[in-house]
Amino acid sequence: MNNIVIIGAGRCGSALLKKLHDDKEINILGIVEINQDAQGIKLAKEYNVPIANDFTKLLENNNVDTIFNVTGSRDVEESIKEKKPKNAEIIGYDGSKLIVKLIDEREEVIAEKEKHSVELERINEKLKKMDKLKTDFLSMVSHELRTPLTSIKAFAEILLSNPDEDLETRQEFIGIINNESDRLTRLINDILDLSKIESGKIEWRIRRIAIESLAKQVASSFQGIANEKNIKIKIEDTDDLPRVYIDEDSIIQVMNNLISNALKFTPSGGQVKITTKITKDPIYGVMVSVSDTGIGINKEDLYLVFDKFKQVWTSSDKLIDKPEGTGLGLAISKNIIERYEGKIWAESELGKGSTFSFIIPTSKPVKIKDEKEIILTKEKREKKLILVVDDEPNARKFLNYHLTMRGYDVVDAYNAEEAVERTRQYKPDLITLDVIMPGIGGFDVVSILKNDPATKNIPILMISIIDEKKRGYCLGANAYINKPIDKEELVMKIESLLTKEKEKKVLIADDDHTIVKAIKYTLDRKNYNTIEAFNGEEAIEKVALEAPDLVILDIIMPKMNGYEVIQKMKNIPETANIPIIILTAYNIKDGRVRALSLGAVDYFNKGEEMDLLYKEIEEILHVDSYGKEEDINS
């Protein structure tokens with residue numbers, strides 16, 4: 001398709017001219033148009049493309065490879081056939097539109113690659129910074145580990161070298177060794193905690209918790225230490241705080257760190273106050289604050305307090321000695337709160353005390369029915385029930401909020417085991433399913449549910465930060481979207497899955513029995529009615545007999561090839577409008593162009609594009625739910 005002629009300069013001809021002109025491998029020999037006011041004429045003049053009002057002379061050029069007839073006239077096409085060069089190929093009106101579409105798609109791919117290139121550069125810079133941070137971190141860890149080890153070794157050697165040392169001195173040195181050993185243990189535990197949190201390897205048990213009760217529980221555990229230091233602990237809470245989805249142990253760890261620090265830096269006679277309340281600023285959620293009347297922190301040092309191994313204190317202050325600890329407590333707390341997509345910060349005034357606060361986000365108040373009201377049999381439900389499965393509490397809240405506002409009833413599950421249990425118990429109308437979860441992942445859930453006769457027909461929308469559509473579709477997922485979630489795309493796909501008709505028929509025509517079996521396996525789990533054919537003639541017979549909603553067609557088959565099947569189907573009024581998707585393993589020269597020009601709606605390669613195939617099947621069979629594509633010539 002190197003040397004081309006375009007016949008017709010209307011909207012499609014103009015679009016085709018514009019697209020093909022930018023392709024350096026294509027030579028446009030000329031454009032033919034009777035109406036000199038057509039919009040493509042001006043463009044042709046701009047591009048210095050020869051313009052003619054009669055295609056006869058242009059077709060005298062034997063170098064013509066491809067003729068695009070975008071007039072929409074059958075008579076013109078018949079005339080072109082009579083006068084075209086022997087080896088030239090004619091692509092009709094519909095084929096031309098598809099060429100424009102394919103070029104648009106190619107340009108989108110190029111733009112996407114450029115975007116990915118920029119993103120890779122950004123990631124590379126980020127990795128360099130992370131590498132430096134890692135080096136600094138290891139240097140600090142090394143220093144912090146060596147300090148207690150040096151003391152332990154030094155005093156142990158003194159005791160070994162002086163077995164006759166007096167008892168009081170020996171006890172003092174053993175006490176130092178014991179304290180430094182405890183310090184070393186705390187440091188190692190903190191490093192392990194921080195490492196697990198940052199790598200996402202801690203498995204949290206998420207439950208709805210009353211955070212004010214948790215704050216009272218933690219505060220009471222410090223009452224003995226507070227009494228010893230003559231420090232008063234005061235609690236102020238707000239009634240009727242919303243419960244939050246948290247892992248109890250992780251939030252206890254945060255509160256422990258904040259209260260422990262407050263007591264550490266507050267002198268005798270001071271006060272530590274714990275406050276819980278609902279807040280809208282800086283984010284909507286439940287806020288916990290720990291305030292003290294201690295030594296305070298310089299404003300210029302506040303940004304350091306959540307860094308690893310940073311202990312901000314004033315050496316000239318006579319009230320306290322250098323604080324004990326690893327300097328990792330606040331860094332761990334920051335990582336935990338950010339895991340909930342919350343916020344943690346510090347406010348302080350030197351000599352007057354400090355306040356450390358964190359917020360656990362909650363959904364804005366919406367009227368949600370009690371689960372007992374919505375756990376009904378499917379036949380008795382007034383609304384569609386959706387099961388939301390995600391280990392991230394804020395992701396569940398996001399989905400719960402938007403789906404409830406759309407009029408759906410929602411129940412949720414925080415891990416795979418609970419997802420399977422609730423699916424079997426409630427028989428939801430649809431499941432939204434995260435891929436990456438602790439323990440059994442989302443793909444395993446799909447496999448379990450789609451192989452269970454009681455749950456296999458429930459549509460599953462997979463949601464994930466990783467792009468593994470192919471695996472999801474092959475296991476039987478009905479749709480797949482990536483995080484971050486676009487709420488409009490989410491609602492569109494859910495509405496499509498909930499309203500689509502059952503038992504759509506798909507004919508799979510391929511002489512490769514393995515391919516037919518694999519596609520059938522996936523489509524059966526998507527609740528389609530699959531029909532098999534293993535050669536071209538059998539495909540034509542099954543089309544006439546079964547009237548499928550879609551045909552998946554191989555090109556190279558015995559008795560009748562795919563091109564012949566397309567032509568026969570398009571020549572019969574009863575089958576002319578059945579969508580056909582070509583699926584081939586062969587790299588046929590101009591195979592895509594020929595198939596599309598004959599009337600196929602899409603063309604895929606086996607193995608490489610199976611995920612795209614399943615996505616296209618969903619969109620073709622349920623196009624009314626997605627919205628029809630705008631015609632370039634409309």
# chains A, B, ... in the order shown; residues from 1 in each chain; ligands from 1

call {"tool": "residues_around", "arguments": {"residues": "A:Lys234", "least_positions_apart": "2", "cutoff": "10 Å", "atoms": "only C-alpha atoms", "output": "list in words"}}
result
Lys216, Ala219, Ile231, Lys232, Glu236, Gln271, Val272, Lys273, Ile274, Thr275, Val290 and Ser291 of chain A

call {"tool": "write_last_selection", "arguments": {"atoms": "all heavy atoms", "output": "compact mmCIF listing (two decimals), in the first residue's frame"}}
result
# COMPACT_ATOMS: atom_id res chain seq x y z
N LYS A 216 -8.69 5.53 74.94
CA LYS A 216 -8.79 5.37 76.40
C LYS A 216 -8.03 4.14 76.87
O LYS A 216 -7.35 4.16 77.91
CB LYS A 216 -10.26 5.27 76.81
CG LYS A 216 -11.04 6.57 76.64
CD LYS A 216 -12.52 6.36 76.95
CE LYS A 216 -13.32 7.63 76.72
NZ LYS A 216 -14.77 7.42 76.94
N ALA A 219 -4.25 4.89 76.68
CA ALA A 219 -3.87 5.86 77.72
C ALA A 219 -3.79 5.20 79.09
O ALA A 219 -2.88 5.49 79.88
CB ALA A 219 -4.87 7.01 77.72
N ILE A 231 2.99 13.00 86.24
CA ILE A 231 2.41 13.64 85.05
C ILE A 231 0.94 13.23 84.97
O ILE A 231 0.60 12.05 85.11
CB ILE A 231 3.15 13.23 83.76
CG1 ILE A 231 4.59 13.72 83.81
CG2 ILE A 231 2.43 13.78 82.53
CD1 ILE A 231 5.45 13.20 82.67
N LYS A 232 0.06 14.20 84.74
CA LYS A 232 -1.37 13.93 84.66
C LYS A 232 -1.75 13.58 83.21
O LYS A 232 -1.35 14.26 82.27
CB LYS A 232 -2.16 15.15 85.11
CG LYS A 232 -3.67 14.93 85.10
CD LYS A 232 -4.41 16.19 85.57
CE LYS A 232 -5.91 15.98 85.54
NZ LYS A 232 -6.65 17.20 85.96
N GLU A 236 -10.00 13.80 76.39
CA GLU A 236 -11.16 14.55 75.92
C GLU A 236 -11.66 13.89 74.64
O GLU A 236 -10.90 13.77 73.67
CB GLU A 236 -10.81 16.02 75.62
CG GLU A 236 -10.48 16.83 76.86
CD GLU A 236 -10.19 18.28 76.52
OE1 GLU A 236 -10.20 18.61 75.31
OE2 GLU A 236 -9.96 19.07 77.45
N GLN A 271 1.45 17.81 82.02
CA GLN A 271 0.20 17.15 81.62
C GLN A 271 0.30 16.65 80.18
O GLN A 271 0.89 17.29 79.31
CB GLN A 271 -0.98 18.13 81.72
CG GLN A 271 -2.30 17.55 81.21
CD GLN A 271 -3.44 18.54 81.29
OE1 GLN A 271 -4.04 18.69 82.35
NE2 GLN A 271 -3.75 19.21 80.20
N VAL A 272 -0.31 15.47 79.93
CA VAL A 272 -0.46 14.92 78.58
C VAL A 272 -1.96 14.77 78.32
O VAL A 272 -2.66 14.15 79.12
CB VAL A 272 0.25 13.56 78.43
CG1 VAL A 272 -0.10 12.92 77.09
CG2 VAL A 272 1.76 13.72 78.56
N LYS A 273 -2.42 15.35 77.22
CA LYS A 273 -3.85 15.32 76.91
C LYS A 273 -4.09 14.59 75.59
O LYS A 273 -3.43 14.86 74.58
CB LYS A 273 -4.40 16.75 76.82
CG LYS A 273 -5.91 16.81 76.56
CD LYS A 273 -6.45 18.23 76.70
CE LYS A 273 -5.96 19.12 75.58
NZ LYS A 273 -6.59 20.46 75.63
N ILE A 274 -5.05 13.65 75.62
CA ILE A 274 -5.44 12.90 74.40
C ILE A 274 -6.85 13.35 74.00
O ILE A 274 -7.77 13.29 74.81
CB ILE A 274 -5.42 11.38 74.63
CG1 ILE A 274 -4.00 10.91 74.98
CG2 ILE A 274 -5.89 10.65 73.38
CD1 ILE A 274 -3.81 10.57 76.41
N THR A 275 -6.98 13.79 72.74
CA THR A 275 -8.26 14.30 72.23
C THR A 275 -8.68 13.52 71.00
O THR A 275 -7.85 13.24 70.12
CB THR A 275 -8.14 15.80 71.85
OG1 THR A 275 -7.62 16.52 72.96
CG2 THR A 275 -9.49 16.37 71.46
N VAL A 290 -2.38 14.13 70.55
CA VAL A 290 -1.69 13.93 71.83
C VAL A 290 -0.87 15.19 72.10
O VAL A 290 0.08 15.50 71.37
CB VAL A 290 -0.78 12.69 71.80
CG1 VAL A 290 -0.04 12.54 73.13
CG2 VAL A 290 -1.59 11.43 71.50
N SER A 291 -1.27 15.95 73.14
CA SER A 291 -0.60 17.21 73.48
C SER A 291 0.14 17.06 74.80
O SER A 291 -0.29 16.31 75.70
CB SER A 291 -1.62 18.34 73.61
OG SER A 291 -2.39 18.46 72.43

call {"tool": "select_by_dssp", "arguments": {"residues": "stretch 412-559 of chain A", "states": "helix (DSSP H, G or I)", "output": "number ranges by chain"}}
result
A: 416-426, 442-450, 469-475, 487-499, 513-525, 536-546

call {"tool": "closest_residue", "arguments": {"among": "A:Ala595, A:Leu433, A:Val516, A:Ile360", "to": "A:Asn482", "atoms": "only C-alpha atoms"}}
result
A:Leu433

call {"tool": "closest_residue", "arguments": {"among": "A:Ile572, A:Ala419, A:Ala395, A:Gly30", "to": "A:Pro484", "atoms": "only C-alpha atoms"}}
result
A:Ala395

call {"tool": "residues_around", "arguments": {"residues": "stretch 4-11 of chain A", "least_positions_apart": "2", "cutoff": "7 Å", "atoms": "only C-alpha atoms", "output": "PDB file with all heavy atoms, in the first residue's frame"}}
result
ATOM      1  N   MET A   1       0.843  -1.189   0.000  1.00  0.00           N
ATOM      2  CA  MET A   1       0.000   0.000   0.000  1.00  0.00           C
ATOM      3  C   MET A   1       0.886   1.248   0.000  1.00  0.00           C
ATOM      4  O   MET A   1       0.670   2.174   0.771  1.00  0.00           O
ATOM      5  CB  MET A   1      -0.926  -0.013   1.228  1.00  0.00           C
ATOM      6  CG  MET A   1      -2.090   0.932   1.124  1.00  0.00           C
ATOM      7  SD  MET A   1      -3.238   0.762   2.525  1.00  0.00           S
ATOM      8  CE  MET A   1      -2.293   1.572   3.805  1.00  0.00           C
ATOM      9  N   ASN A   2       1.906   1.274  -0.890  1.00  0.00           N
ATOM     10  CA  ASN A   2       2.825   2.406  -0.907  1.00  0.00           C
ATOM     11  C   ASN A   2       2.319   3.562  -1.763  1.00  0.00           C
ATOM     12  O   ASN A   2       2.417   4.722  -1.387  1.00  0.00           O
ATOM     13  CB  ASN A   2       4.202   1.961  -1.396  1.00  0.00           C
ATOM     14  CG  ASN A   2       4.857   1.019  -0.405  1.00  0.00           C
ATOM     15  OD1 ASN A   2       4.600   1.120   0.783  1.00  0.00           O
ATOM     16  ND2 ASN A   2       5.666   0.095  -0.880  1.00  0.00           N
ATOM     17  N   GLY A  13     -12.797  11.205   3.026  1.00  0.00           N
ATOM     18  CA  GLY A  13     -11.641  11.402   2.150  1.00  0.00           C
ATOM     19  C   GLY A  13     -10.665  12.398   2.726  1.00  0.00           C
ATOM     20  O   GLY A  13      -9.444  12.208   2.666  1.00  0.00           O
ATOM     21  N   SER A  14     -11.214  13.486   3.301  1.00  0.00           N
ATOM     22  CA  SER A  14     -10.367  14.497   3.932  1.00  0.00           C
ATOM     23  C   SER A  14      -9.599  13.917   5.116  1.00  0.00           C
ATOM     24  O   SER A  14      -8.403  14.152   5.274  1.00  0.00           O
ATOM     25  CB  SER A  14     -11.238  15.673   4.394  1.00  0.00           C
ATOM     26  OG  SER A  14     -10.469  16.633   5.059  1.00  0.00           O
ATOM     27  N   ALA A  15     -10.324  13.138   5.967  1.00  0.00           N
ATOM     28  CA  ALA A  15      -9.671  12.523   7.133  1.00  0.00           C
ATOM     29  C   ALA A  15      -8.598  11.542   6.691  1.00  0.00           C
ATOM     30  O   ALA A  15      -7.502  11.492   7.256  1.00  0.00           O
ATOM     31  CB  ALA A  15     -10.723  11.806   7.992  1.00  0.00           C
ATOM     32  N   ASN A  27       2.971   7.149  -0.598  1.00  0.00           N
ATOM     33  CA  ASN A  27       3.023   8.187  -1.636  1.00  0.00           C
ATOM     34  C   ASN A  27       1.607   8.372  -2.188  1.00  0.00           C
ATOM     35  O   ASN A  27       1.039   7.466  -2.792  1.00  0.00           O
ATOM     36  CB  ASN A  27       3.993   7.761  -2.755  1.00  0.00           C
ATOM     37  CG  ASN A  27       4.028   8.775  -3.886  1.00  0.00           C
ATOM     38  OD1 ASN A  27       3.796   9.967  -3.666  1.00  0.00           O
ATOM     39  ND2 ASN A  27       4.313   8.312  -5.085  1.00  0.00           N
ATOM     40  N   ILE A  28       1.016   9.546  -1.972  1.00  0.00           N
ATOM     41  CA  ILE A  28      -0.332   9.829  -2.455  1.00  0.00           C
ATOM     42  C   ILE A  28      -0.227  10.372  -3.881  1.00  0.00           C
ATOM     43  O   ILE A  28       0.246  11.495  -4.107  1.00  0.00           O
ATOM     44  CB  ILE A  28      -1.056  10.832  -1.542  1.00  0.00           C
ATOM     45  CG1 ILE A  28      -1.100  10.299  -0.104  1.00  0.00           C
ATOM     46  CG2 ILE A  28      -2.477  11.099  -2.053  1.00  0.00           C
ATOM     47  CD1 ILE A  28      -1.692  11.267   0.896  1.00  0.00           C
ATOM     48  N   LEU A  29      -0.651   9.554  -4.862  1.00  0.00           N
ATOM     49  CA  LEU A  29      -0.527   9.939  -6.274  1.00  0.00           C
ATOM     50  C   LEU A  29      -1.550  10.995  -6.677  1.00  0.00           C
ATOM     51  O   LEU A  29      -1.328  11.747  -7.619  1.00  0.00           O
ATOM     52  CB  LEU A  29      -0.699   8.698  -7.162  1.00  0.00           C
ATOM     53  CG  LEU A  29       0.337   7.575  -6.940  1.00  0.00           C
ATOM     54  CD1 LEU A  29      -0.006   6.377  -7.796  1.00  0.00           C
ATOM     55  CD2 LEU A  29       1.739   8.072  -7.259  1.00  0.00           C
ATOM     56  N   GLY A  30      -2.678  11.061  -5.971  1.00  0.00           N
ATOM     57  CA  GLY A  30      -3.665  12.070  -6.305  1.00  0.00           C
ATOM     58  C   GLY A  30      -4.979  11.818  -5.600  1.00  0.00           C
ATOM     59  O   GLY A  30      -5.213  10.750  -5.040  1.00  0.00           O
ATOM     60  N   ILE A  31      -5.861  12.848  -5.645  1.00  0.00           N
ATOM     61  CA  ILE A  31      -7.189  12.742  -5.079  1.00  0.00           C
ATOM     62  C   ILE A  31      -8.188  13.201  -6.132  1.00  0.00           C
ATOM     63  O   ILE A  31      -7.954  14.183  -6.845  1.00  0.00           O
ATOM     64  CB  ILE A  31      -7.314  13.565  -3.776  1.00  0.00           C
ATOM     65  CG1 ILE A  31      -8.672  13.296  -3.115  1.00  0.00           C
ATOM     66  CG2 ILE A  31      -7.107  15.050  -4.003  1.00  0.00           C
ATOM     67  CD1 ILE A  31      -8.747  13.795  -1.672  1.00  0.00           C
ATOM     68  N   VAL A  32      -9.321  12.468  -6.238  1.00  0.00           N
ATOM     69  CA  VAL A  32     -10.313  12.752  -7.274  1.00  0.00           C
ATOM     70  C   VAL A  32     -11.580  13.288  -6.616  1.00  0.00           C
ATOM     71  O   VAL A  32     -12.085  12.705  -5.652  1.00  0.00           O
ATOM     72  CB  VAL A  32     -10.646  11.473  -8.073  1.00  0.00           C
ATOM     73  CG1 VAL A  32     -11.680  11.786  -9.161  1.00  0.00           C
ATOM     74  CG2 VAL A  32      -9.379  10.892  -8.689  1.00  0.00           C
ATOM     75  N   GLU A  33     -12.075  14.430  -7.146  1.00  0.00           N
ATOM     76  CA  GLU A  33     -13.301  15.014  -6.608  1.00  0.00           C
ATOM     77  C   GLU A  33     -13.953  15.898  -7.649  1.00  0.00           C
ATOM     78  O   GLU A  33     -13.297  16.783  -8.233  1.00  0.00           O
ATOM     79  CB  GLU A  33     -12.994  15.828  -5.337  1.00  0.00           C
ATOM     80  CG  GLU A  33     -14.186  16.501  -4.703  1.00  0.00           C
ATOM     81  CD  GLU A  33     -15.289  15.534  -4.338  1.00  0.00           C
ATOM     82  OE1 GLU A  33     -15.024  14.590  -3.560  1.00  0.00           O
ATOM     83  OE2 GLU A  33     -16.420  15.713  -4.843  1.00  0.00           O
ATOM     84  N   ALA A  38     -15.445  20.692  -1.955  1.00  0.00           N
ATOM     85  CA  ALA A  38     -15.317  19.661  -0.921  1.00  0.00           C
ATOM     86  C   ALA A  38     -14.165  20.002   0.011  1.00  0.00           C
ATOM     87  O   ALA A  38     -13.139  20.564  -0.409  1.00  0.00           O
ATOM     88  CB  ALA A  38     -15.099  18.293  -1.556  1.00  0.00           C
ATOM     89  N   GLN A  39     -14.327  19.619   1.308  1.00  0.00           N
ATOM     90  CA  GLN A  39     -13.347  20.055   2.301  1.00  0.00           C
ATOM     91  C   GLN A  39     -11.958  19.452   2.090  1.00  0.00           C
ATOM     92  O   GLN A  39     -10.959  20.018   2.511  1.00  0.00           O
ATOM     93  CB  GLN A  39     -13.845  19.728   3.717  1.00  0.00           C
ATOM     94  CG  GLN A  39     -14.000  18.254   4.019  1.00  0.00           C
ATOM     95  CD  GLN A  39     -14.613  18.034   5.393  1.00  0.00           C
ATOM     96  OE1 GLN A  39     -15.788  18.318   5.604  1.00  0.00           O
ATOM     97  NE2 GLN A  39     -13.833  17.540   6.317  1.00  0.00           N
ATOM     98  N   GLY A  40     -11.884  18.307   1.403  1.00  0.00           N
ATOM     99  CA  GLY A  40     -10.573  17.695   1.173  1.00  0.00           C
ATOM    100  C   GLY A  40      -9.760  18.405   0.098  1.00  0.00           C
ATOM    101  O   GLY A  40      -8.535  18.237   0.019  1.00  0.00           O
ATOM    102  N   ILE A  41     -10.411  19.210  -0.752  1.00  0.00           N
ATOM    103  CA  ILE A  41      -9.702  19.909  -1.835  1.00  0.00           C
ATOM    104  C   ILE A  41      -8.720  20.927  -1.275  1.00  0.00           C
ATOM    105  O   ILE A  41      -7.555  20.998  -1.696  1.00  0.00           O
ATOM    106  CB  ILE A  41     -10.718  20.593  -2.789  1.00  0.00           C
ATOM    107  CG1 ILE A  41     -11.571  19.546  -3.496  1.00  0.00           C
ATOM    108  CG2 ILE A  41      -9.999  21.491  -3.787  1.00  0.00           C
ATOM    109  CD1 ILE A  41     -10.791  18.606  -4.381  1.00  0.00           C
ATOM    110  N   VAL A  64       0.092   2.289  -9.180  1.00  0.00           N
ATOM    111  CA  VAL A  64      -0.944   2.374  -8.150  1.00  0.00           C
ATOM    112  C   VAL A  64      -1.088   1.026  -7.434  1.00  0.00           C
ATOM    113  O   VAL A  64      -1.306   0.004  -8.076  1.00  0.00           O
ATOM    114  CB  VAL A  64      -2.301   2.787  -8.771  1.00  0.00           C
ATOM    115  CG1 VAL A  64      -3.395   2.768  -7.694  1.00  0.00           C
ATOM    116  CG2 VAL A  64      -2.205   4.163  -9.396  1.00  0.00           C
ATOM    117  N   ASP A  65      -0.936   1.076  -6.098  1.00  0.00           N
ATOM    118  CA  ASP A  65      -1.084  -0.149  -5.291  1.00  0.00           C
ATOM    119  C   ASP A  65      -2.486  -0.254  -4.697  1.00  0.00           C
ATOM    120  O   ASP A  65      -3.073  -1.326  -4.639  1.00  0.00           O
ATOM    121  CB  ASP A  65      -0.070  -0.151  -4.128  1.00  0.00           C
ATOM    122  CG  ASP A  65       1.356  -0.180  -4.624  1.00  0.00           C
ATOM    123  OD1 ASP A  65       1.657  -1.015  -5.481  1.00  0.00           O
ATOM    124  OD2 ASP A  65       2.155   0.637  -4.137  1.00  0.00           O
ATOM    125  N   THR A  66      -3.010   0.869  -4.221  1.00  0.00           N
ATOM    126  CA  THR A  66      -4.280   0.849  -3.499  1.00  0.00           C
ATOM    127  C   THR A  66      -5.143   2.036  -3.909  1.00  0.00           C
ATOM    128  O   THR A  66      -4.648   3.160  -4.029  1.00  0.00           O
ATOM    129  CB  THR A  66      -4.043   0.910  -1.975  1.00  0.00           C
ATOM    130  OG1 THR A  66      -3.117  -0.115  -1.600  1.00  0.00           O
ATOM    131  CG2 THR A  66      -5.342   0.711  -1.200  1.00  0.00           C
ATOM    132  N   ILE A  67      -6.443   1.753  -4.110  1.00  0.00           N
ATOM    133  CA  ILE A  67      -7.394   2.800  -4.459  1.00  0.00           C
ATOM    134  C   ILE A  67      -8.446   2.850  -3.359  1.00  0.00           C
ATOM    135  O   ILE A  67      -9.110   1.847  -3.070  1.00  0.00           O
ATOM    136  CB  ILE A  67      -8.085   2.500  -5.814  1.00  0.00           C
ATOM    137  CG1 ILE A  67      -7.032   2.322  -6.911  1.00  0.00           C
ATOM    138  CG2 ILE A  67      -9.071   3.607  -6.169  1.00  0.00           C
ATOM    139  CD1 ILE A  67      -7.555   1.572  -8.113  1.00  0.00           C
ATOM    140  N   PHE A  68      -8.572   4.019  -2.722  1.00  0.00           N
ATOM    141  CA  PHE A  68      -9.581   4.202  -1.679  1.00  0.00           C
ATOM    142  C   PHE A  68     -10.806   4.870  -2.294  1.00  0.00           C
ATOM    143  O   PHE A  68     -10.743   6.026  -2.731  1.00  0.00           O
ATOM    144  CB  PHE A  68      -9.035   5.086  -0.552  1.00  0.00           C
ATOM    145  CG  PHE A  68      -8.010   4.400   0.296  1.00  0.00           C
ATOM    146  CD1 PHE A  68      -6.652   4.517   0.014  1.00  0.00           C
ATOM    147  CD2 PHE A  68      -8.388   3.628   1.385  1.00  0.00           C
ATOM    148  CE1 PHE A  68      -5.707   3.884   0.791  1.00  0.00           C
ATOM    149  CE2 PHE A  68      -7.445   2.990   2.173  1.00  0.00           C
ATOM    150  CZ  PHE A  68      -6.109   3.116   1.871  1.00  0.00           C
ATOM    151  N   ASN A  69     -11.919   4.133  -2.337  1.00  0.00           N
ATOM    152  CA  ASN A  69     -13.167   4.699  -2.841  1.00  0.00           C
ATOM    153  C   ASN A  69     -14.014   5.134  -1.646  1.00  0.00           C
ATOM    154  O   ASN A  69     -14.627   4.324  -0.977  1.00  0.00           O
ATOM    155  CB  ASN A  69     -13.927   3.667  -3.676  1.00  0.00           C
ATOM    156  CG  ASN A  69     -15.314   4.154  -4.050  1.00  0.00           C
ATOM    157  OD1 ASN A  69     -15.544   5.355  -4.174  1.00  0.00           O
ATOM    158  ND2 ASN A  69     -16.240   3.225  -4.230  1.00  0.00           N
ATOM    159  N   VAL A  70     -14.010   6.428  -1.381  1.00  0.00           N
ATOM    160  CA  VAL A  70     -14.755   6.942  -0.223  1.00  0.00           C
ATOM    161  C   VAL A  70     -15.983   7.726  -0.664  1.00  0.00           C
ATOM    162  O   VAL A  70     -16.526   8.536   0.083  1.00  0.00           O
ATOM    163  CB  VAL A  70     -13.852   7.821   0.675  1.00  0.00           C
ATOM    164  CG1 VAL A  70     -12.780   6.982   1.305  1.00  0.00           C
ATOM    165  CG2 VAL A  70     -13.228   8.960  -0.108  1.00  0.00           C
ATOM    166  N   THR A  71     -16.426   7.497  -1.908  1.00  0.00           N
ATOM    167  CA  THR A  71     -17.631   8.174  -2.401  1.00  0.00           C
ATOM    168  C   THR A  71     -18.896   7.524  -1.874  1.00  0.00           C
ATOM    169  O   THR A  71     -19.945   8.138  -1.840  1.00  0.00           O
ATOM    170  CB  THR A  71     -17.668   8.142  -3.940  1.00  0.00           C
ATOM    171  OG1 THR A  71     -17.764   6.780  -4.377  1.00  0.00           O
ATOM    172  CG2 THR A  71     -16.409   8.776  -4.527  1.00  0.00           C
ATOM    173  N   ASN A 633     -17.955  10.336   9.738  1.00  0.00           N
ATOM    174  CA  ASN A 633     -18.634  10.993   8.617  1.00  0.00           C
ATOM    175  C   ASN A 633     -20.039  11.476   8.977  1.00  0.00           C
ATOM    176  O   ASN A 633     -20.765  11.948   8.124  1.00  0.00           O
ATOM    177  CB  ASN A 633     -18.744  10.022   7.431  1.00  0.00           C
ATOM    178  CG  ASN A 633     -17.384   9.722   6.862  1.00  0.00           C
ATOM    179  OD1 ASN A 633     -16.860  10.512   6.101  1.00  0.00           O
ATOM    180  ND2 ASN A 633     -16.801   8.608   7.252  1.00  0.00           N
TER     181      ASN A 633
END

call {"tool": "atom_distance", "arguments": {"atom1": "atom CA of A:Arg339", "atom2": "atom CA of A:Ile448"}}
result
29.0 Å

call {"tool": "residues_around", "arguments": {"residues": "A:Asp292", "least_positions_apart": "6", "cutoff": "8 Å", "atoms": "only C-alpha atoms", "output": "short mmCIF file (atom, residue, chain, number, x, y, z; two decimals) with C-alpha atoms, in the first residue's frame"}}
result
data_model
loop_
_atom_site.label_atom_id
_atom_site.label_comp_id
_atom_site.auth_asym_id
_atom_site.auth_seq_id
_atom_site.Cartn_x
_atom_site.Cartn_y
_atom_site.Cartn_z
CA ALA A 262 4.83 12.95 75.19
CA LEU A 263 5.64 11.41 78.58
CA THR A 266 7.29 16.26 79.68
CA GLY A 270 3.20 18.45 83.56
CA GLN A 271 0.20 17.15 81.62
CA VAL A 272 -0.46 14.92 78.58
CA LYS A 273 -3.85 15.32 76.91
CA GLY A 353 4.96 21.80 74.58
CA SER A 354 4.00 19.87 71.46
CA THR A 355 0.90 18.39 69.82
#

call {"tool": "atom_distance", "arguments": {"atom1": "atom CA of A:Ile465", "atom2": "atom CA of A:Ala416"}}
result
17.0 Å

call {"tool": "decode", "arguments": {"residues": "stretch 426-441 of chain A", "atoms": "C-alpha atoms", "output": "PDB file, in the first residue's frame"}}
result
ATOM      1  CA  TYR A 426     -25.557 -13.324  49.825  1.00  0.00           C
ATOM      2  CA  LYS A 427     -25.484 -14.205  46.079  1.00  0.00           C
ATOM      3  CA  PRO A 428     -24.717 -10.576  45.064  1.00  0.00           C
ATOM      4  CA  ASP A 429     -25.726  -9.274  41.636  1.00  0.00           C
ATOM      5  CA  LEU A 430     -22.126  -8.180  40.956  1.00  0.00           C
ATOM      6  CA  ILE A 431     -18.680  -8.304  42.588  1.00  0.00           C
ATOM      7  CA  THR A 432     -15.941  -5.653  42.413  1.00  0.00           C
ATOM      8  CA  LEU A 433     -12.693  -7.425  43.221  1.00  0.00           C
ATOM      9  CA  ASP A 434      -9.202  -6.131  44.026  1.00  0.00           C
ATOM     10  CA  VAL A 435      -6.359  -8.230  42.592  1.00  0.00           C
ATOM     11  CA  ILE A 436      -3.631  -7.767  45.218  1.00  0.00           C
ATOM     12  CA  MET A 437      -4.723  -8.808  48.710  1.00  0.00           C
ATOM     13  CA  PRO A 438      -2.991 -10.519  51.638  1.00  0.00           C
ATOM     14  CA  GLY A 439      -2.971 -14.315  51.373  1.00  0.00           C
ATOM     15  CA  ILE A 440      -5.174 -15.561  48.543  1.00  0.00           C
ATOM     16  CA  GLY A 441      -5.293 -12.974  45.751  1.00  0.00           C
TER      17      GLY A 441
END
